[in-house]
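Printed here is coords34.cif (mmCIF, C-alpha atoms, pLDDT in the B column; chains and numbers go by the auth columns):
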data_model
#
loop_
_atom_site.group_PDB
_atom_site.id
_atom_site.type_symbol
_atom_site.label_atom_id
_atom_site.label_comp_id
_atom_site.label_asym_id
_atom_site.label_seq_id
_atom_site.Cartn_x
_atom_site.Cartn_y
_atom_site.Cartn_z
_atom_site.B_iso_or_equiv
_atom_site.auth_seq_id
_atom_site.auth_asym_id
ATOM 1 C CA MET A 1 -0.483 42.128 30.702 94.00 1 A
ATOM 2 C CA LEU A 2 -1.485 40.605 34.060 96.00 2 A
ATOM 3 C CA GLY A 3 -0.665 42.437 37.287 95.00 3 A
ATOM 4 C CA CYS A 4 0.615 45.262 35.129 95.00 4 A
ATOM 5 C CA GLY A 5 1.675 47.870 37.703 94.00 5 A
ATOM 6 C CA HIS A 6 3.632 50.500 35.758 95.00 6 A
ATOM 7 C CA GLY A 7 2.949 48.517 32.571 95.00 7 A
ATOM 8 C CA ILE A 8 6.465 48.712 31.129 94.00 8 A
ATOM 9 C CA PRO A 9 6.409 45.335 29.283 94.00 9 A
ATOM 10 C CA GLY A 10 3.048 46.222 27.718 94.00 10 A
ATOM 11 C CA ILE A 11 4.365 49.614 26.650 94.00 11 A
ATOM 12 C CA PHE A 12 7.339 47.888 25.031 94.00 12 A
ATOM 13 C CA THR A 13 5.068 45.590 23.013 94.00 13 A
ATOM 14 C CA CYS A 14 3.222 48.622 21.664 91.00 14 A
ATOM 15 C CA HIS A 15 6.496 50.152 20.484 90.00 15 A
ATOM 16 C CA GLU A 16 7.282 46.811 18.850 91.00 16 A
ATOM 17 C CA GLY A 17 4.086 46.844 16.816 90.00 17 A
ATOM 18 C CA ALA A 18 1.418 45.102 18.920 92.00 18 A
ATOM 19 C CA ALA A 19 -2.062 46.017 17.691 90.00 19 A
ATOM 20 C CA VAL A 20 -3.977 45.198 20.904 91.00 20 A
ATOM 21 C CA ILE A 21 -2.610 45.729 24.414 94.00 21 A
ATOM 22 C CA HIS A 22 -4.760 45.101 27.476 96.00 22 A
ATOM 23 C CA PHE A 23 -3.456 46.034 30.929 96.00 23 A
ATOM 24 C CA GLN A 24 -4.883 44.285 33.999 96.00 24 A
ATOM 25 C CA ASP A 25 -4.317 44.987 37.671 96.00 25 A
ATOM 26 C CA PHE A 26 -6.219 44.107 40.822 95.00 26 A
ATOM 27 C CA ASN A 27 -6.566 47.731 41.917 94.00 27 A
ATOM 28 C CA ALA A 28 -8.290 50.371 39.813 96.00 28 A
ATOM 29 C CA GLU A 29 -6.258 52.970 41.712 96.00 29 A
ATOM 30 C CA VAL A 30 -3.022 51.431 40.405 96.00 30 A
ATOM 31 C CA LEU A 31 -4.319 51.749 36.860 96.00 31 A
ATOM 32 C CA ARG A 32 -5.406 55.372 37.384 95.00 32 A
ATOM 33 C CA CYS A 33 -2.338 56.557 39.263 95.00 33 A
ATOM 34 C CA LEU A 34 0.455 54.471 37.718 95.00 34 A
ATOM 35 C CA THR A 35 -0.397 52.538 34.576 95.00 35 A
ATOM 36 C CA ILE A 36 -2.441 55.064 32.595 94.00 36 A
ATOM 37 C CA PRO A 37 -0.115 58.034 33.280 94.00 37 A
ATOM 38 C CA ASN A 38 2.880 55.900 32.338 94.00 38 A
ATOM 39 C CA VAL A 39 1.215 54.683 29.144 93.00 39 A
ATOM 40 C CA ASN A 40 0.265 58.251 28.208 90.00 40 A
ATOM 41 C CA ALA A 41 3.790 59.490 28.878 90.00 41 A
ATOM 42 C CA ASN A 42 5.473 56.790 26.817 90.00 42 A
ATOM 43 C CA LEU A 43 2.936 56.249 24.053 86.00 43 A
ATOM 44 C CA SER A 44 1.549 59.740 23.567 74.00 44 A
ATOM 45 C CA LYS A 45 2.559 59.923 19.900 70.00 45 A
ATOM 46 C CA LYS A 46 1.108 56.490 19.133 65.00 46 A
ATOM 47 C CA LEU A 47 -2.174 56.996 20.990 64.00 47 A
ATOM 48 C CA GLN A 48 -3.143 60.608 20.308 49.00 48 A
ATOM 49 C CA PRO A 49 -5.860 61.683 19.864 41.00 49 A
ATOM 50 C CA ALA A 50 -7.499 58.520 21.254 42.00 50 A
ATOM 51 C CA ALA A 51 -8.728 58.626 24.834 46.00 51 A
ATOM 52 C CA ALA A 52 -7.554 56.140 27.436 47.00 52 A
ATOM 53 C CA ASN A 53 -9.220 52.726 27.294 56.00 53 A
ATOM 54 C CA GLU A 54 -10.134 53.083 23.623 54.00 54 A
ATOM 55 C CA ALA A 55 -8.804 51.977 20.275 48.00 55 A
ATOM 56 C CA ASN A 56 -6.878 54.565 18.286 52.00 56 A
ATOM 57 C CA HIS A 57 -8.630 54.618 14.926 44.00 57 A
ATOM 58 C CA ASP A 58 -5.757 56.520 13.273 55.00 58 A
ATOM 59 C CA THR A 59 -3.071 53.973 14.123 59.00 59 A
ATOM 60 C CA GLY A 60 -5.217 50.870 14.690 68.00 60 A
ATOM 61 C CA VAL A 61 -3.718 50.380 18.155 83.00 61 A
ATOM 62 C CA GLU A 62 -6.116 49.320 20.924 89.00 62 A
ATOM 63 C CA VAL A 63 -5.078 50.013 24.517 92.00 63 A
ATOM 64 C CA ARG A 64 -7.485 49.151 27.316 94.00 64 A
ATOM 65 C CA PHE A 65 -7.308 48.824 31.101 96.00 65 A
ATOM 66 C CA PHE A 66 -9.116 46.331 33.350 96.00 66 A
ATOM 67 C CA ALA A 67 -9.286 46.168 37.145 96.00 67 A
ATOM 68 C CA GLY A 68 -10.331 43.069 39.039 95.00 68 A
ATOM 69 C CA ASP A 69 -9.418 39.811 40.715 95.00 69 A
ATOM 70 C CA TRP A 70 -7.945 36.971 38.639 95.00 70 A
ATOM 71 C CA SER A 71 -10.832 34.704 39.578 94.00 71 A
ATOM 72 C CA GLN A 72 -13.386 37.031 37.931 93.00 72 A
ATOM 73 C CA ILE A 73 -11.585 39.345 35.502 95.00 73 A
ATOM 74 C CA HIS A 74 -12.127 36.940 32.582 93.00 74 A
ATOM 75 C CA GLU A 75 -15.762 38.095 32.575 92.00 75 A
ATOM 76 C CA LEU A 76 -14.567 41.555 31.504 92.00 76 A
ATOM 77 C CA LEU A 77 -11.695 40.708 29.178 92.00 77 A
ATOM 78 C CA PRO A 78 -12.747 40.674 25.507 89.00 78 A
ATOM 79 C CA CYS A 79 -10.169 38.123 24.303 86.00 79 A
ATOM 80 C CA VAL A 80 -11.190 35.115 26.367 84.00 80 A
ATOM 81 C CA ASN A 81 -11.816 31.596 25.084 71.00 81 A
ATOM 82 C CA ASP A 82 -15.498 30.670 24.983 57.00 82 A
ATOM 83 C CA ASN A 83 -15.374 26.922 25.611 50.00 83 A
ATOM 84 C CA GLU A 84 -19.005 26.178 24.750 41.00 84 A
ATOM 85 C CA LYS A 85 -18.876 28.157 21.511 45.00 85 A
ATOM 86 C CA ASP A 86 -15.578 26.567 20.524 48.00 86 A
ATOM 87 C CA LEU A 87 -16.845 23.046 21.200 40.00 87 A
ATOM 88 C CA ASN A 88 -20.035 23.647 19.269 43.00 88 A
ATOM 89 C CA SER A 89 -18.140 24.832 16.208 44.00 89 A
ATOM 90 C CA SER A 90 -17.675 22.488 13.255 40.00 90 A
ATOM 91 C CA GLY A 91 -14.338 21.070 14.340 43.00 91 A
ATOM 92 C CA GLN A 92 -12.434 24.285 13.758 44.00 92 A
ATOM 93 C CA SER A 93 -9.586 25.201 16.096 45.00 93 A
ATOM 94 C CA PRO A 94 -10.376 27.968 18.602 45.00 94 A
ATOM 95 C CA THR A 95 -9.118 31.378 17.483 49.00 95 A
ATOM 96 C CA SER A 96 -9.948 33.547 20.500 80.00 96 A
ATOM 97 C CA GLY A 97 -7.554 34.430 23.284 91.00 97 A
ATOM 98 C CA TYR A 98 -4.333 36.425 23.624 94.00 98 A
ATOM 99 C CA ASP A 99 -1.283 35.575 21.515 94.00 99 A
ATOM 100 C CA ILE A 100 1.112 36.768 24.243 95.00 100 A
ATOM 101 C CA ILE A 101 0.456 37.092 27.973 96.00 101 A
ATOM 102 C CA LEU A 102 3.043 39.007 30.002 97.00 102 A
ATOM 103 C CA MET A 103 3.346 39.020 33.766 96.00 103 A
ATOM 104 C CA ALA A 104 6.010 40.039 36.281 95.00 104 A
ATOM 105 C CA GLU A 105 6.114 39.568 40.050 94.00 105 A
ATOM 106 C CA THR A 106 2.670 37.940 40.077 94.00 106 A
ATOM 107 C CA ILE A 107 3.411 34.602 41.774 94.00 107 A
ATOM 108 C CA TYR A 108 4.686 35.645 45.212 93.00 108 A
ATOM 109 C CA SER A 109 1.510 34.367 46.910 92.00 109 A
ATOM 110 C CA ILE A 110 0.878 30.627 46.693 93.00 110 A
ATOM 111 C CA SER A 111 -2.800 31.128 47.503 93.00 111 A
ATOM 112 C CA ALA A 112 -3.236 33.082 44.254 93.00 112 A
ATOM 113 C CA HIS A 113 -1.524 30.547 41.961 95.00 113 A
ATOM 114 C CA GLN A 114 -4.642 28.571 41.061 94.00 114 A
ATOM 115 C CA ASN A 115 -6.677 31.646 40.128 95.00 115 A
ATOM 116 C CA LEU A 116 -3.811 33.079 38.091 96.00 116 A
ATOM 117 C CA TYR A 117 -3.215 29.849 36.180 95.00 117 A
ATOM 118 C CA GLY A 118 -6.932 29.375 35.676 93.00 118 A
ATOM 119 C CA LEU A 119 -7.105 32.835 34.097 95.00 119 A
ATOM 120 C CA ILE A 120 -4.130 32.062 31.855 94.00 120 A
ATOM 121 C CA LYS A 121 -5.850 28.935 30.546 92.00 121 A
ATOM 122 C CA LYS A 122 -9.004 30.912 29.825 91.00 122 A
ATOM 123 C CA CYS A 123 -7.135 33.721 28.072 93.00 123 A
ATOM 124 C CA ILE A 124 -4.330 32.113 26.082 93.00 124 A
ATOM 125 C CA SER A 125 -4.787 31.723 22.335 91.00 125 A
ATOM 126 C CA ARG A 126 -4.728 28.090 21.246 87.00 126 A
ATOM 127 C CA PRO A 127 -2.663 26.413 20.055 86.00 127 A
ATOM 128 C CA HIS A 128 0.134 28.976 19.548 89.00 128 A
ATOM 129 C CA GLY A 129 -0.284 31.405 22.458 93.00 129 A
ATOM 130 C CA VAL A 130 2.604 31.913 24.890 95.00 130 A
ATOM 131 C CA VAL A 131 3.097 33.298 28.395 96.00 131 A
ATOM 132 C CA TYR A 132 6.241 35.115 29.529 97.00 132 A
ATOM 133 C CA MET A 133 6.594 35.095 33.299 96.00 133 A
ATOM 134 C CA ALA A 134 9.271 37.135 35.100 96.00 134 A
ATOM 135 C CA ALA A 135 9.575 36.319 38.791 95.00 135 A
ATOM 136 C CA LYS A 136 11.889 35.443 41.630 95.00 136 A
ATOM 137 C CA LYS A 137 12.939 31.852 42.161 93.00 137 A
ATOM 138 C CA HIS A 138 11.668 32.141 45.721 91.00 138 A
ATOM 139 C CA TYR A 139 9.858 34.885 47.613 93.00 139 A
ATOM 140 C CA PHE A 140 11.105 34.721 51.170 87.00 140 A
ATOM 141 C CA GLY A 141 8.436 35.225 53.801 84.00 141 A
ATOM 142 C CA VAL A 142 5.438 34.532 51.551 84.00 142 A
ATOM 143 C CA GLY A 143 6.330 31.117 50.115 83.00 143 A
ATOM 144 C CA GLY A 144 5.722 31.673 46.429 90.00 144 A
ATOM 145 C CA GLY A 145 8.186 31.518 43.561 93.00 145 A
ATOM 146 C CA THR A 146 8.814 30.088 40.123 94.00 146 A
ATOM 147 C CA ARG A 147 9.385 26.521 41.331 93.00 147 A
ATOM 148 C CA GLN A 148 6.113 26.396 43.243 94.00 148 A
ATOM 149 C CA PHE A 149 4.159 27.819 40.316 95.00 149 A
ATOM 150 C CA LEU A 150 5.756 25.528 37.733 95.00 150 A
ATOM 151 C CA SER A 151 5.153 22.525 39.973 94.00 151 A
ATOM 152 C CA MET A 152 1.449 23.380 39.967 93.00 152 A
ATOM 153 C CA VAL A 153 1.488 23.693 36.160 92.00 153 A
ATOM 154 C CA GLU A 154 3.143 20.267 35.858 90.00 154 A
ATOM 155 C CA LYS A 155 0.631 18.616 38.203 89.00 155 A
ATOM 156 C CA ASP A 156 -2.221 20.210 36.282 83.00 156 A
ATOM 157 C CA GLY A 157 -0.874 18.656 33.079 73.00 157 A
ATOM 158 C CA GLU A 158 -0.597 15.236 34.700 73.00 158 A
ATOM 159 C CA GLN A 159 -4.202 15.454 35.852 62.00 159 A
ATOM 160 C CA ALA A 160 -5.271 16.427 32.335 56.00 160 A
ATOM 161 C CA VAL A 161 -3.535 13.346 30.910 57.00 161 A
ATOM 162 C CA GLU A 162 -5.144 11.100 33.521 58.00 162 A
ATOM 163 C CA HIS A 163 -8.571 12.593 32.834 53.00 163 A
ATOM 164 C CA PHE A 164 -8.088 12.122 29.093 51.00 164 A
ATOM 165 C CA ASN A 165 -7.082 8.469 29.478 54.00 165 A
ATOM 166 C CA ILE A 166 -10.011 7.644 31.773 53.00 166 A
ATOM 167 C CA SER A 167 -12.545 9.431 29.566 50.00 167 A
ATOM 168 C CA HIS A 168 -11.173 7.765 26.445 48.00 168 A
ATOM 169 C CA LYS A 169 -11.490 4.323 28.047 51.00 169 A
ATOM 170 C CA CYS A 170 -15.085 5.057 29.082 52.00 170 A
ATOM 171 C CA MET A 171 -15.899 6.147 25.544 48.00 171 A
ATOM 172 C CA LYS A 172 -14.495 2.889 24.135 50.00 172 A
ATOM 173 C CA VAL A 173 -16.658 0.864 26.534 47.00 173 A
ATOM 174 C CA ALA A 174 -19.743 2.806 25.459 46.00 174 A
ATOM 175 C CA LEU A 175 -18.920 2.225 21.820 41.00 175 A
ATOM 176 C CA PHE A 176 -18.538 -1.493 22.408 45.00 176 A
ATOM 177 C CA VAL A 177 -21.925 -1.751 24.158 45.00 177 A
ATOM 178 C CA SER A 178 -23.960 0.242 21.649 40.00 178 A
ATOM 179 C CA VAL A 179 -22.017 1.033 18.513 43.00 179 A
ATOM 180 C CA GLY A 180 -24.990 2.254 16.460 39.00 180 A
ATOM 181 C CA VAL A 181 -26.086 4.817 19.078 43.00 181 A
ATOM 182 C CA ILE A 182 -22.700 6.138 20.111 41.00 182 A
ATOM 183 C CA LEU A 183 -20.875 6.403 16.785 39.00 183 A
ATOM 184 C CA SER A 184 -22.664 9.630 15.869 43.00 184 A
ATOM 185 C CA CYS A 185 -21.222 11.413 18.900 45.00 185 A
ATOM 186 C CA GLU A 186 -17.754 9.835 18.853 48.00 186 A
ATOM 187 C CA ASN A 187 -16.209 12.772 17.016 51.00 187 A
ATOM 188 C CA THR A 188 -17.820 15.251 19.398 50.00 188 A
ATOM 189 C CA LEU A 189 -16.530 13.383 22.427 49.00 189 A
ATOM 190 C CA SER A 190 -13.060 13.147 20.925 51.00 190 A
ATOM 191 C CA LEU A 191 -13.100 16.878 20.179 49.00 191 A
ATOM 192 C CA GLN A 192 -14.156 17.692 23.734 51.00 192 A
ATOM 193 C CA LEU A 193 -11.489 15.463 25.248 49.00 193 A
ATOM 194 C CA GLY A 194 -8.816 16.775 22.915 48.00 194 A
ATOM 195 C CA TYR A 195 -9.797 20.374 23.594 50.00 195 A
ATOM 196 C CA PHE A 196 -9.662 19.797 27.364 50.00 196 A
ATOM 197 C CA PHE A 197 -6.310 18.061 27.055 45.00 197 A
ATOM 198 C CA MET A 198 -4.821 20.773 24.855 46.00 198 A
ATOM 199 C CA SER A 199 -6.096 23.641 26.971 49.00 199 A
ATOM 200 C CA CYS A 200 -4.718 22.279 30.245 55.00 200 A
ATOM 201 C CA PHE A 201 -1.356 20.742 29.321 78.00 201 A
ATOM 202 C CA MET A 202 1.346 23.427 29.206 88.00 202 A
ATOM 203 C CA ALA A 203 5.117 23.174 28.886 90.00 203 A
ATOM 204 C CA ALA A 204 7.652 25.549 30.459 93.00 204 A
ATOM 205 C CA CYS A 205 11.175 26.497 29.423 94.00 205 A
ATOM 206 C CA LEU A 206 13.660 28.851 31.083 96.00 206 A
ATOM 207 C CA VAL A 207 14.404 31.907 28.936 95.00 207 A
ATOM 208 C CA ALA A 208 16.736 33.867 31.212 95.00 208 A
ATOM 209 C CA GLU A 209 18.213 33.832 34.701 95.00 209 A
ATOM 210 C CA VAL A 210 19.655 36.766 36.609 93.00 210 A
ATOM 211 C CA ALA A 211 21.879 35.855 39.570 91.00 211 A
ATOM 212 C CA ASP A 212 24.311 38.375 41.044 86.00 212 A
ATOM 213 C CA GLY A 213 25.284 36.245 44.037 83.00 213 A
ATOM 214 C CA SER A 214 23.984 38.715 46.600 82.00 214 A
ATOM 215 C CA SER A 215 20.223 38.975 45.951 83.00 215 A
ATOM 216 C CA ASN A 216 17.415 36.606 45.085 88.00 216 A
ATOM 217 C CA VAL A 217 17.655 34.778 41.769 93.00 217 A
ATOM 218 C CA ARG A 218 15.305 36.180 39.120 95.00 218 A
ATOM 219 C CA GLU A 219 14.047 34.149 36.170 96.00 219 A
ATOM 220 C CA VAL A 220 12.050 34.561 32.976 96.00 220 A
ATOM 221 C CA TRP A 221 10.002 31.520 31.912 96.00 221 A
ATOM 222 C CA LYS A 222 8.049 30.833 28.740 96.00 222 A
ATOM 223 C CA LEU A 223 4.848 28.780 29.003 95.00 223 A
ATOM 224 C CA SER A 224 3.198 27.337 25.926 93.00 224 A
ATOM 225 C CA ILE A 225 0.570 24.740 25.102 88.00 225 A
ATOM 226 C CA LYS A 226 2.195 21.378 24.572 79.00 226 A
#
Would it be possible to restate this file's structure as structure tokens?
Amino acid sequence: MLGCGHGIPGIFTCHEGAAVIHFQDFNAEVLRCLTIPNVNANLSKKLQPAAANEANHDTGVEVRFFAGDWSQIHELLPCVNDNEKDLNSSGQSPTSGYDIILMAETIYSISAHQNLYGLIKKCISRPHGVVYMAAKKHYFGVGGGTRQFLSMVEKDGEQAVEHFNISHKCMKVALFVSVGVILSCENTLSLQLGYFFMSCFMAACLVAEVADGSSNVREVWKLSIK
């Protein structure tokens, strides 16, 4: 769970049978003072006698906590896609990453959108991982909101398509010039281009909308690899 705060969505997933739950927040103090006490209070029966930040060997549930900025936290998270290792594998689909990423009230600052989305792309399990994002349609005074974030996701996908088309054309030219030399690496190039395309092109669909007519509209969006 990204920007976990009190960690309520992550706690819910544990009650629903999740085997691995990782809570992330920018501030270590938030984890110490809010998240961990709340997890202990709500999951005490599931986690005892395991200590915080460890796997419970009796139940098989792993709960861990990570503090850090979105631009660097992937270096600490254990379930992150290793692009070089995946590309060097024998054509097998990548299996690392998180099946479900949860986040709420994380997109109020436009300046943080790129780092957040970059982390999502590094962390999401391919090709079936999903992201559930709960946020306001617009955050007055700071400029962020669901529309701004989704617009960035859409533009990122368009750039991925353009990059794929250009790279594919260049590969065809190389093949035409020197077929005997290039054929051996055609599959590798195709795998790299396909992996880049798949990892960057995400689709979004609206799951729920809460509008009471007096306060800001709140939405829940699902992001998945298209």
Decode the PyMOL selection byres ((chain A and resi 104) around 12) for the given file into explicit residues and return them as a PDB file with C-alpha atoms, in the coordinates of the input.
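That gives us out.pdb:
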ATOM      1  CA  MET A   1      -0.483  42.128  30.702  1.00 94.00           C
ATOM      2  CA  LEU A   2      -1.485  40.605  34.060  1.00 96.00           C
ATOM      3  CA  GLY A   3      -0.665  42.437  37.287  1.00 95.00           C
ATOM      4  CA  CYS A   4       0.615  45.262  35.129  1.00 95.00           C
ATOM      5  CA  GLY A   5       1.675  47.870  37.703  1.00 94.00           C
ATOM      6  CA  HIS A   6       3.632  50.500  35.758  1.00 95.00           C
ATOM      7  CA  GLY A   7       2.949  48.517  32.571  1.00 95.00           C
ATOM      8  CA  ILE A   8       6.465  48.712  31.129  1.00 94.00           C
ATOM      9  CA  PRO A   9       6.409  45.335  29.283  1.00 94.00           C
ATOM     10  CA  GLY A  10       3.048  46.222  27.718  1.00 94.00           C
ATOM     11  CA  GLN A  24      -4.883  44.285  33.999  1.00 96.00           C
ATOM     12  CA  ASP A  25      -4.317  44.987  37.671  1.00 96.00           C
ATOM     13  CA  ILE A 101       0.456  37.092  27.973  1.00 96.00           C
ATOM     14  CA  LEU A 102       3.043  39.007  30.002  1.00 97.00           C
ATOM     15  CA  MET A 103       3.346  39.020  33.766  1.00 96.00           C
ATOM     16  CA  GLU A 105       6.114  39.568  40.050  1.00 94.00           C
ATOM     17  CA  THR A 106       2.670  37.940  40.077  1.00 94.00           C
ATOM     18  CA  ILE A 107       3.411  34.602  41.774  1.00 94.00           C
ATOM     19  CA  TYR A 108       4.686  35.645  45.212  1.00 93.00           C
ATOM     20  CA  VAL A 131       3.097  33.298  28.395  1.00 96.00           C
ATOM     21  CA  TYR A 132       6.241  35.115  29.529  1.00 97.00           C
ATOM     22  CA  MET A 133       6.594  35.095  33.299  1.00 96.00           C
ATOM     23  CA  ALA A 134       9.271  37.135  35.100  1.00 96.00           C
ATOM     24  CA  ALA A 135       9.575  36.319  38.791  1.00 95.00           C
ATOM     25  CA  LYS A 136      11.889  35.443  41.630  1.00 95.00           C
ATOM     26  CA  GLY A 145       8.186  31.518  43.561  1.00 93.00           C
ATOM     27  CA  THR A 146       8.814  30.088  40.123  1.00 94.00           C
ATOM     28  CA  ARG A 218      15.305  36.180  39.120  1.00 95.00           C
ATOM     29  CA  GLU A 219      14.047  34.149  36.170  1.00 96.00           C
ATOM     30  CA  VAL A 220      12.050  34.561  32.976  1.00 96.00           C
ATOM     31  CA  TRP A 221      10.002  31.520  31.912  1.00 96.00           C
TER      32      TRP A 221
END
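Distances to A:Ile36 were evaluated for A:Phe201, A:Arg64, A:Thr13, A:Ile124 using all atoms listed in the file, and the minimum falls at A:Arg64.
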Please evaluate the PyMOL selection byres ((chain A and resi 119) around 9) against the structure above and give the resulting residues as a count of residues only.
15
Result set of the PyMOL selection byres ((chain A and resi 130) around 7) on the coordinates above, as a list of chain:residue names:
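Applying the expression gives A:Asp99, A:Ile100, A:Ile101, A:His128, A:Gly129, A:Val131, A:Tyr132, A:Lys222, A:Leu223, A:Ser224.
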Coordinates-based distance that separates atom CA of A:Tyr139 from atom CA of A:Cys33 (Å, one decimal):
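Going from atom CA of A:Cys33 over to atom CA of A:Tyr139, I get 26.2 Å.
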Atomic distance atom CA of A:His22 - atom CA of A:Ala41, expressed in Å with one decimal:
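Computed distance, atom CA of A:His22 to atom CA of A:Ala41, equals 16.8 Å.
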How many Å separate atom CA of A:Glu29 from atom CA of A:Cys79?
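So the answer is 23.2 Å.
Nearest residue to A:Gly97 among A:Val20, A:Met202, A:Phe65, A:Arg32 is A:Val20, counting all atoms listed in the file.
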Closest of A:Leu31, A:Ala208, A:Val39, A:Val80 to A:His15 - atom-to-atom distances counting all atoms listed in the file
A:Val39
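Distance annotation: of A:Ser215, A:Asn27, A:Ser96, A:Asn42, the residue with the minimal separation from A:Gly68 is A:Asn27; atom set is all atoms listed in the file.
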Counting only C-alpha atoms, the option among A:Lys45, A:Lys226, A:Arg126, A:His138 closest to A:Gly157:
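The answer is A:Lys226, which sits nearest to A:Gly157.
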Model the absent atoms of stretch 141-155 of chain A so that N, CA, C and O atoms are present, and write the result as a compact mmCIF listing (two decimals), in the frame of the given file.
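Full text of part-v7.txt as output:
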# COMPACT_ATOMS: atom_id res chain seq x y z
N GLY A 141 9.44 34.67 52.91
CA GLY A 141 8.44 35.22 53.80
C GLY A 141 7.01 35.00 53.34
O GLY A 141 6.08 35.08 54.15
N VAL A 142 6.80 34.75 52.05
CA VAL A 142 5.44 34.53 51.55
C VAL A 142 5.27 33.17 50.88
O VAL A 142 4.15 32.72 50.64
N GLY A 143 6.39 32.51 50.56
CA GLY A 143 6.33 31.12 50.12
C GLY A 143 6.20 30.87 48.64
O GLY A 143 6.35 29.74 48.17
N GLY A 144 5.88 31.89 47.86
CA GLY A 144 5.72 31.67 46.43
C GLY A 144 7.05 31.67 45.69
O GLY A 144 8.11 31.76 46.28
N GLY A 145 6.98 31.53 44.38
CA GLY A 145 8.19 31.52 43.56
C GLY A 145 7.97 30.71 42.29
O GLY A 145 6.94 30.06 42.11
N THR A 146 8.96 30.76 41.41
CA THR A 146 8.81 30.09 40.12
C THR A 146 8.68 28.58 40.28
O THR A 146 7.91 27.95 39.55
N ARG A 147 9.43 27.98 41.20
CA ARG A 147 9.38 26.52 41.33
C ARG A 147 8.01 26.05 41.81
O ARG A 147 7.48 25.04 41.32
N GLN A 148 7.44 26.77 42.75
CA GLN A 148 6.11 26.40 43.24
C GLN A 148 5.07 26.53 42.14
O GLN A 148 4.20 25.67 41.99
N PHE A 149 5.15 27.60 41.37
CA PHE A 149 4.16 27.82 40.32
C PHE A 149 4.30 26.78 39.21
O PHE A 149 3.31 26.21 38.75
N LEU A 150 5.54 26.50 38.80
CA LEU A 150 5.76 25.53 37.73
C LEU A 150 5.39 24.12 38.17
O LEU A 150 4.95 23.30 37.36
N SER A 151 5.57 23.82 39.45
CA SER A 151 5.15 22.52 39.97
C SER A 151 3.64 22.36 39.85
O SER A 151 3.16 21.28 39.49
N MET A 152 2.90 23.43 40.12
CA MET A 152 1.45 23.38 39.97
C MET A 152 1.06 23.17 38.51
O MET A 152 0.15 22.41 38.20
N VAL A 153 1.76 23.85 37.60
CA VAL A 153 1.49 23.69 36.16
C VAL A 153 1.73 22.25 35.73
O VAL A 153 0.94 21.67 34.98
N GLU A 154 2.82 21.66 36.21
CA GLU A 154 3.14 20.27 35.86
C GLU A 154 2.08 19.30 36.39
O GLU A 154 1.64 18.40 35.67
N LYS A 155 1.65 19.49 37.63
CA LYS A 155 0.63 18.62 38.20
C LYS A 155 -0.69 18.76 37.46
O LYS A 155 -1.41 17.78 37.26
